[in-house]
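Enquirer: The structure that follows is given in the form of structure tokens.
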Amino acid sequence: MSTSTTASGSGALPDATPSSLCAREPHVPADRLVAEMVPPPRFDSVRFETYIPDPDQPSQSDAVRVLGAFAAGLGESPSGAAKRGFLGFGRKSAKTPAGPRGVYLDGGYGVGKTHLLASLWHATPAEPSLKAFGTFVELTNLVGALGFQQTVRTLSGHRLLCIDEFELDDPGDTVLVSSLLARLVESGVALAATSNTLPGKLGEGRFASVDFLREIQGLSAHFRSLRIDGEDYRHRGLPEAPAPYSDEQVTKAAYATAGASLDDFPQLLGHLARVHPSRYGALTDGVEAVCLTDVRPVPDQSTALRLVVLADRLYDREVPVLASGRPFDELFSEEMLNGGYRKKYFRAISRLTALARDAAPLVRS
């Protein structure tokens, strides 16, 4: 991202009028939705070789070794893997492997599960079009956009589906995704997943395999749980958000930053209700910085959950967020932060706070 100004007399003139996210209504074709199911940009360069295991935690080195073998075994067609038995986990079968067709990365916060999951995607010897990577929310949004049967048809030819942050706190969506995965397993698709923690257990850095296998019920036999021990170094409570800027500072920065957008926060929240969450990534296409005025607490849970998805897409794309109004750690009410979706809200606060810090250089003294 670059910023520049043109000197004229005593001041600087803006490069261009900033765009508005509220003016965008992207229509994303189905093939793009699927094609974009790849590790986010911040995980473009991760590999098993860049994962540095803790010498005091042998399970981390074991995870790299097992996942490397898992990836290597996905280089042949599902039918070929079936004849051999899936990575030695199962016995021979004429159709699909008798053993697990998936691996579940089980560990607390901060042990590098997403790094390993993305590394598995990169290491799998198949064309990108034959492997998919997305969060649980992105997968449910895909089903919402395409419909269940079309999603099954679209993903059934894949070698691998990686699901990050499998949601254990939404029974309805869990049943939906479990049904989808059962159909994909029947088609020979290999699975890999991480999960979040259940309500009431946020921040314990706990292992969740029992909860995960119980929630997916009939699919549990298709997963081998791979435990990854390590220090829970990321759970430090709510991050302290930077102090907001003034409306004037945010507006001035938006006009001085090439590729910036500028929106009133309440109006943007209203616009998100009119755009399907599967299109939030396209909503930010070409945007180099998001500038928001009049940030205030979100009014209800539906709005809050949409904001969470937008925060995830901005974080994936490393788009800085400059804001006036209330700090990001005041976005969600105490009731929300103590409710069933609180992990989502904690994650959104953490990510928006990080992006707000990234935006600080946009403000000129």
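If you're wondering about the labels, chains in the structure tokens are A, B, ... by order shown, residues count from 1 in each chain, ligands from 1 in order shown.
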Return as a PyMOL selection string the full set of residues in stretch 229-294 of chain A whose backbone-based DSSP assignment is alpha helix (DSSP H).

Expert: chain A and resi 247-256+265-272+280-283

Enquirer: To one decimal in Å, tell me the separation between atom CA of A:Cys162 and atom CA of A:Leu310.

Expert: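 Result for atom CA of A:Cys162 versus atom CA of A:Leu310: 20.7 Å, one decimal.
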
Enquirer: Which residues come within 9 Å of A:Leu142, counting only C-alpha atoms, excluding same-chain residues fewer than 5 positions away, as a list in words?

Expert: Ala30, Leu33, Val34, Val137, Gly147, Phe148, Thr151 and Ser278 of chain A

Enquirer: Residues of the last selection are to be written out with C-alpha atoms, as a PDB file, in the first residue's frame.

Expert:
ATOM      1  CA  ALA A  30     -20.132 -19.360  -7.982  1.00  0.00           C
ATOM      2  CA  LEU A  33     -16.521 -18.246  -4.504  1.00  0.00           C
ATOM      3  CA  VAL A  34     -14.921 -21.676  -4.770  1.00  0.00           C
ATOM      4  CA  VAL A 137     -18.202 -19.524   8.423  1.00  0.00           C
ATOM      5  CA  GLY A 147     -27.357 -24.312  -2.079  1.00  0.00           C
ATOM      6  CA  PHE A 148     -26.544 -27.638  -0.450  1.00  0.00           C
ATOM      7  CA  THR A 151     -21.995 -27.227  -2.957  1.00  0.00           C
ATOM      8  CA  SER A 278     -20.066 -14.734   1.008  1.00  0.00           C
TER       9      SER A 278
END

Enquirer: Between A:Val185, A:Leu331, A:Val275, A:Ala16, single out the one closest to A:Pro299, counting only C-alpha atoms.

Expert: A:Leu331

Enquirer: Find, counting only C-alpha atoms, the residue in A:Ala69, A:Val64, A:Leu176, A:Val298 that gets nearest to A:Leu105.

Expert: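 Closest to A:Leu105, using only C-alpha atoms: A:Val64.
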